[in-house]
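The data block below is data_23.txt; it holds compact mmCIF, C-alpha atoms.
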# COMPACT_ATOMS: atom_id res chain seq x y z
CA MET A 390 -30.99 134.31 134.21
CA LEU A 391 -30.04 137.96 134.54
CA GLY A 392 -26.40 137.12 133.84
CA PHE A 393 -27.38 135.23 130.70
CA ILE A 394 -29.38 138.22 129.39
CA GLN A 395 -26.49 140.57 130.16
CA ARG A 396 -24.09 138.39 128.19
CA ILE A 397 -26.44 138.41 125.20
CA PHE A 398 -26.66 142.19 125.06
CA LYS A 399 -23.07 142.88 126.08
CA LYS A 400 -21.21 144.63 123.30
CA PRO A 401 -18.24 142.50 122.25
CA ARG A 402 -14.84 144.10 122.64
CA ILE A 403 -13.29 144.98 119.31
CA GLU A 404 -9.50 144.92 119.03
CA THR A 405 -8.75 148.28 117.50
CA TYR A 406 -5.02 147.59 117.49
CA GLY A 407 -4.60 143.89 116.76
CA LEU A 408 -2.30 142.49 114.08
CA ASP A 409 -4.13 143.81 111.03
CA HIS A 410 -1.63 146.63 110.64
CA ALA A 411 0.98 144.03 109.65
CA VAL A 412 -0.06 144.59 106.03
CA LEU A 413 1.24 148.16 106.32
CA ASN A 414 4.71 146.78 107.00
CA ILE A 415 4.90 144.65 103.87
CA GLN A 416 7.52 146.08 101.57
CA LEU A 417 6.25 146.81 98.06
CA PRO A 418 7.67 145.90 95.71
CA PRO A 419 9.08 142.87 97.57
CA ARG A 420 12.83 142.78 98.05
CA THR A 421 13.03 139.42 96.28
CA MET A 422 10.96 137.58 93.67
CA TRP A 423 12.55 134.14 93.76
CA MET A 424 10.50 131.21 92.50
CA ASN A 425 11.77 127.64 92.55
CA MET A 426 11.32 124.54 94.71
CA GLY A 427 14.25 125.48 96.92
CA TYR A 428 16.84 123.42 98.79
CA TRP A 429 15.61 123.32 102.37
CA GLU A 430 18.24 121.32 104.23
CA SER A 431 19.68 124.25 106.18
CA THR A 432 17.03 126.97 106.02
CA SER A 433 13.33 127.64 106.53
CA ASP A 434 13.52 130.91 104.60
CA PHE A 435 12.06 130.76 101.09
CA PRO A 436 14.50 133.16 99.34
CA GLY A 437 17.38 131.44 101.14
CA ALA A 438 16.18 128.02 100.01
CA CYS A 439 15.89 129.26 96.42
CA ARG A 440 19.46 130.58 96.51
CA ALA A 441 20.62 127.32 98.09
CA LEU A 442 19.13 125.32 95.22
CA LEU A 443 21.01 127.49 92.73
CA ASP A 444 24.20 127.03 94.77
CA GLN A 445 23.79 123.25 94.57
CA VAL A 446 23.51 123.41 90.78
CA LEU A 447 26.48 125.78 90.49
CA ALA A 448 28.65 123.53 92.66
CA ALA A 449 27.95 120.58 90.37
CA GLY A 450 28.33 122.62 87.18
CA LEU A 451 29.82 126.05 86.69
CA LEU A 452 32.24 125.89 89.62
CA THR A 453 33.89 122.85 88.07
CA SER A 454 34.94 125.01 85.11
CA GLN A 455 38.67 125.27 84.43
CA SER A 456 38.29 128.10 81.91
CA GLN A 457 39.52 131.67 82.21
CA SER A 458 36.19 133.05 81.01
CA VAL A 459 32.59 131.89 81.53
CA ARG A 460 29.55 132.62 79.35
CA LEU A 461 26.11 131.73 80.71
CA LEU A 462 22.77 131.25 78.95
CA ASP A 463 20.05 131.12 81.63
CA VAL A 464 16.69 129.85 80.34
CA GLY A 465 13.67 130.59 82.50
CA CYS A 466 15.39 133.33 84.51
CA GLY A 467 12.16 134.61 86.08
CA CYS A 468 12.11 138.06 87.68
CA GLY A 469 15.88 138.44 87.80
CA ASP A 470 16.83 137.23 91.28
CA GLN A 471 19.08 134.47 89.99
CA SER A 472 20.36 136.87 87.32
CA LEU A 473 21.41 139.34 90.02
CA TYR A 474 22.94 136.55 92.09
CA LEU A 475 24.91 135.05 89.20
CA THR A 476 26.23 138.36 87.89
CA SER A 477 27.26 139.42 91.40
CA LEU A 478 29.41 136.34 92.05
CA GLN A 479 33.08 137.23 92.30
CA ARG A 480 36.14 135.07 91.97
CA GLY A 481 37.07 134.29 95.55
CA ASP A 482 33.47 133.99 96.77
CA SER A 483 32.32 130.74 98.38
CA VAL A 484 29.06 128.94 97.72
CA PRO A 485 27.70 125.84 99.46
CA LYS A 486 28.88 122.71 97.69
CA GLU A 487 27.05 119.79 99.25
CA SER A 488 25.62 118.49 102.46
CA ALA A 489 28.21 117.12 104.85
CA LEU A 490 26.00 114.07 105.31
CA GLU A 491 25.84 113.50 101.56
CA SER A 492 29.59 113.93 101.18
CA GLY A 493 30.24 111.50 104.02
CA SER A 494 32.57 113.93 105.74
CA GLY A 495 30.86 113.46 109.10
CA SER A 496 31.49 117.08 110.02
CA GLY A 497 28.92 119.14 111.84
CA SER A 498 28.66 121.86 109.21
CA ALA A 499 25.70 121.76 106.87
CA PHE A 500 27.69 122.68 103.77
CA GLU A 501 31.17 122.36 102.43
CA ALA A 502 32.18 125.68 100.90
CA THR A 503 33.58 125.74 97.39
CA PRO A 504 35.67 128.91 97.03
CA THR A 505 35.94 130.35 93.55
CA SER A 506 39.52 131.17 94.49
CA SER A 507 40.20 127.46 93.92
CA LEU A 508 39.80 128.10 90.20
CA PRO A 509 42.99 128.19 88.11
CA GLN A 510 45.25 131.15 88.85
CA SER A 511 45.03 132.26 85.22
CA ARG A 512 41.36 133.07 85.80
CA LEU A 513 42.15 135.09 88.89
CA GLN A 514 44.61 137.18 86.93
CA HIS A 515 42.02 137.96 84.27
CA ASP A 516 41.04 141.62 83.90
CA HIS A 517 37.49 140.92 85.02
CA THR A 518 36.62 140.09 88.60
CA SER A 519 33.17 138.65 87.90
CA LEU A 520 32.84 134.88 87.90
CA VAL A 521 30.39 135.10 84.97
CA ASP A 522 31.75 137.38 82.24
CA THR A 523 28.73 137.29 79.92
CA TYR A 524 25.18 136.53 81.02
CA ILE A 525 22.05 136.13 78.87
CA GLY A 526 18.74 135.46 80.61
CA ILE A 527 15.54 134.43 78.83
CA THR A 528 12.00 134.29 80.20
CA LEU A 529 8.70 133.72 78.42
CA GLU A 530 6.68 136.15 80.55
CA PRO A 531 6.80 139.82 79.40
CA THR A 532 6.17 141.24 82.89
CA GLN A 533 8.94 139.12 84.37
CA ALA A 534 11.32 140.09 81.57
CA ALA A 535 10.63 143.80 82.08
CA LEU A 536 11.18 143.58 85.84
CA ALA A 537 14.31 141.43 85.50
CA LYS A 538 15.79 143.75 82.88
CA SER A 539 15.27 146.88 84.99
CA ARG A 540 16.69 145.23 88.12
CA VAL A 541 19.77 143.89 86.33
CA GLN A 542 20.45 147.17 84.53
CA GLU A 543 20.20 149.10 87.80
CA ALA A 544 22.53 146.66 89.55
CA LEU A 545 25.12 146.79 86.77
CA GLN A 546 25.14 150.59 86.83
CA LYS A 547 25.97 150.50 90.53
CA ALA A 548 28.50 147.67 90.27
CA SER A 549 32.20 148.08 89.62
CA THR A 550 32.51 144.79 87.71
CA LYS A 551 32.77 144.40 83.95
CA SER A 552 30.21 141.62 83.66
CA ALA A 553 27.89 141.96 80.65
CA ALA A 554 24.27 140.93 81.25
CA LYS A 555 21.13 141.06 79.12
CA ILE A 556 17.56 139.88 79.70
CA PHE A 557 15.18 138.93 76.89
CA CYS A 558 11.52 137.98 76.59
CA ALA A 559 11.38 134.98 74.27
CA ASP A 560 10.46 131.31 74.04
CA ALA A 561 13.59 129.57 75.29
CA ALA A 562 12.14 126.22 74.24
CA ASN A 563 12.25 127.26 70.58
CA PRO A 564 15.64 128.74 69.59
CA ALA A 565 14.49 128.88 65.95
CA SER A 566 12.03 131.63 66.95
CA TRP A 567 14.71 133.95 68.33
CA SER A 568 15.41 137.12 66.41
CA GLY A 569 16.86 140.60 66.70
CA ASP A 570 19.10 141.47 69.63
CA LEU A 571 18.65 138.06 71.28
CA GLN A 572 19.77 136.25 68.15
CA ALA A 573 22.78 138.56 67.83
CA SER A 574 23.71 138.16 71.51
CA VAL A 575 23.52 134.37 71.33
CA LYS A 576 25.56 134.46 68.13
CA GLY A 577 28.20 136.29 70.16
CA LEU A 578 28.25 133.37 72.59
CA SER A 579 28.69 131.03 69.65
CA THR A 580 31.71 133.00 68.43
CA THR A 581 33.46 133.08 71.81
CA SER A 582 32.70 129.40 72.45
CA GLN A 583 35.44 128.56 69.94
CA ASN A 584 38.00 130.03 72.33
CA PRO A 585 39.67 127.20 74.31
CA ASN A 586 39.97 129.53 77.33
CA THR A 587 36.21 130.17 77.36
CA GLN A 588 33.46 127.87 78.58
CA THR A 589 29.77 128.35 77.86
CA TRP A 590 27.04 126.97 80.12
CA LEU A 591 23.32 126.41 79.67
CA LEU A 592 21.50 126.84 82.99
CA ALA A 593 17.91 125.70 83.60
CA LEU A 594 16.93 126.11 87.25
CA ASP A 595 13.65 124.33 88.06
CA THR A 596 12.10 125.35 84.76
CA ILE A 597 12.99 123.17 81.79
CA TYR A 598 10.34 120.50 82.46
CA HIS A 599 7.81 123.23 81.53
CA PHE A 600 9.23 123.63 78.02
CA ARG A 601 6.94 122.85 75.10
CA PRO A 602 7.03 120.65 73.15
CA SER A 603 10.06 119.40 75.11
CA ARG A 604 13.35 120.40 76.71
CA TRP A 605 15.50 118.81 74.02
CA PRO A 606 15.51 121.51 71.27
CA ILE A 607 17.23 124.06 73.56
CA ILE A 608 19.66 121.46 74.94
CA GLN A 609 20.50 120.32 71.41
CA PHE A 610 20.92 123.93 70.25
CA ALA A 611 23.17 124.81 73.18
CA HIS A 612 25.35 121.77 72.54
CA ASP A 613 25.57 122.02 68.75
CA THR A 614 25.70 125.80 68.31
CA LEU A 615 27.32 127.03 71.53
CA GLN A 616 29.31 123.92 72.51
CA ALA A 617 27.74 124.57 75.91
CA SER A 618 27.86 122.41 78.99
CA TYR A 619 24.53 121.79 80.71
CA MET A 620 23.56 122.31 84.36
CA ALA A 621 20.01 122.13 85.65
CA PHE A 622 17.60 121.27 88.40
CA ASP A 623 15.04 119.07 86.68
CA LEU A 624 12.39 116.48 87.50
CA VAL A 625 12.61 112.77 86.73
CA LEU A 626 10.21 109.90 87.24
CA ALA A 627 11.04 107.37 89.96
CA ASP A 628 11.67 103.88 88.64
CA ASP A 629 9.32 102.40 91.24
CA ALA A 630 6.47 104.92 90.83
CA SER A 631 3.11 103.28 91.52
CA PHE A 632 0.06 103.56 89.27
CA ILE A 633 -1.54 106.01 91.73
CA GLN A 634 1.61 108.15 91.82
CA TYR A 635 1.68 108.06 88.03
CA LEU A 636 -1.89 109.38 87.89
CA LEU A 637 -1.16 112.06 90.49
CA LEU A 638 1.86 113.16 88.47
CA ARG A 639 -0.35 113.55 85.41
CA ILE A 640 -2.68 115.79 87.42
CA VAL A 641 0.24 117.86 88.72
CA CYS A 642 1.64 118.29 85.20
CA TRP A 643 -1.79 119.38 83.99
CA ALA A 644 -2.06 121.91 86.84
CA LEU A 645 1.45 123.26 86.16
CA GLY A 646 0.96 123.35 82.41
CA ALA A 647 4.00 121.10 81.98
CA PRO A 648 4.04 118.45 79.21
CA PHE A 649 3.77 115.05 80.84
CA GLY A 650 6.14 113.66 78.23
CA ASN A 651 8.93 115.72 79.80
CA ILE A 652 8.86 113.56 82.93
CA VAL A 653 11.02 110.51 82.24
CA THR A 654 13.10 108.16 84.34
CA GLN A 655 16.70 108.98 85.19
CA GLU A 656 17.94 106.24 82.88
CA GLU A 657 15.87 107.60 79.99
CA TYR A 658 17.04 111.15 80.76
CA ARG A 659 20.66 110.05 80.56
CA ARG A 660 20.00 108.20 77.30
CA LEU A 661 18.49 111.34 75.77
CA LEU A 662 21.45 113.42 76.95
CA VAL A 663 23.73 110.95 75.20
CA ASN A 664 21.63 111.28 72.04
CA VAL A 665 22.15 115.05 71.91
CA GLY A 666 25.85 114.68 72.69
CA VAL A 667 25.91 116.10 76.22
CA PHE A 668 26.95 112.72 77.66
CA ARG A 669 29.18 110.18 75.98

Could you write out this file's structure as structure tokens?
Amino acid sequence: MLGFIQRIFKKPRIETYGLDHAVLNIQLPPRTMWMNMGYWESTSDFPGACRALLDQVLAAGLLTSQSQSVRLLDVGCGCGDQSLYLTSLQRGDSVPKESALESGSGSGSAFEATPTSSLPQSRLQHDHTSLVDTYIGITLEPTQAALAKSRVQEALQKASTKSAAKIFCADAANPASWSGDLQASVKGLSTTSQNPNTQTWLLALDTIYHFRPSRWPIIQFAHDTLQASYMAFDLVLADDASFIQYLLLRIVCWALGAPFGNIVTQEEYRRLLVNVGVFR
């Protein structure tokens, strides 16, 4: 009985030095501000997975380019992490191409590296050393645009490359609404796209399914005005989606603020790409 009473009135030990001080070690502002679904096959690190997803898209798109010069229109560029990554790529760098299991190589490595040095020698002899010669990034959020612009400008000032990069706050889903410096910069892409030694790309990394009223105005604009090729990470609806999955997808789209009409099957997606001229 006495022991029970002592336990009741015993002052609990308070950990003065537990783990609460961990918050003091958080770096502010954070070193990275990546935001996409990520490609998680070979990493458990969020920024690394976000970069890996971009690498997968680049390997299927931009790194197949045979042109001496590359222009890039990046819609939904966020806080500038992918802008910094893309403008820092040099000819001769390697990025992961695809999973060894997916390629059927049977090797133990997780990725097959695609060196940019495998591009035509004429590109390597170009005055510039940057893989992307001209970069234009667009984001709808003013705070993201301001942060991305300051980060990119600071990086370019420190870099020795001749890559030109600009960030704009605008509605990428509605090219007709663009004005001022953005309109002039995109017009510059249109002019250089006539050069047979130049290739222009439209990049949409895990973002274009958010576009209202749909993704197709920007894809049509990029194709018709810029003669741009298209590379993206996008969402499609499974052919065998059940009624319950269909309802859950509607809820997810509502929560994300993404138009449900943007989620179509792969076959329908391809048909729409053919309609705008991207596929033939």

Among listed residues A:Leu615, A:Ala593, A:Gly469, A:Val412, nearest Lys576 in chain A (using only C-alpha atoms):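 Smallest distance to Lys576 in chain A is found for A:Leu615.
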
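Reported to one decimal place, the separation of CA of Leu461 in chain A from CA of Asn586 in chain A is 14.4 Å.
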
Under the rule that all atoms listed in the file are counted, which of A:Met426, A:Leu529, A:Val575, A:Ala611 is the nearest residue to Leu592 in chain A?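 Checking each candidate against Leu592 in chain A, we get A:Ala611 as the closest.
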
If you measure from CA of Trp590 in chain A to CA of Tyr619 in chain A, what distance in Å do you get, rounded to one decimal?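 Atom-to-atom, CA of Trp590 in chain A to CA of Tyr619 in chain A, that is 5.8 Å.
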
Atom-to-atom span, CA of Ile607 in chain A and CA of Leu462 in chain A, Å: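 Interatomic distance here is 10.6 Å.
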
Just checking: using all atoms listed in the file, which residue out of A:Ala411, A:Leu636, A:Ala617, A:Ala559 ends up closest to Gly666 in chain A? A:Ala617

Contacts of Ala438 in chain A at 10 Å or less, counting only C-alpha atoms, minus same-chain residues fewer than 2 places along, as a list of chain:residue names?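 Answer for this query is A:Trp423, A:Met424, A:Asn425, A:Met426, A:Gly427, A:Tyr428, A:Trp429, A:Glu430, A:Ser431, A:Thr432, A:Ser433, A:Asp434, A:Phe435, A:Pro436, A:Arg440, A:Ala441, A:Leu442, A:Leu443, A:Asp444.
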
Identify which of the residues A:Arg540, A:Ser477, A:Leu661, A:Phe557 lies closest to Gly569 in chain A, counting all atoms listed in the file when measuring atom-to-atom distances.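 Answer, going by the shortest atom-to-atom distance: A:Phe557.
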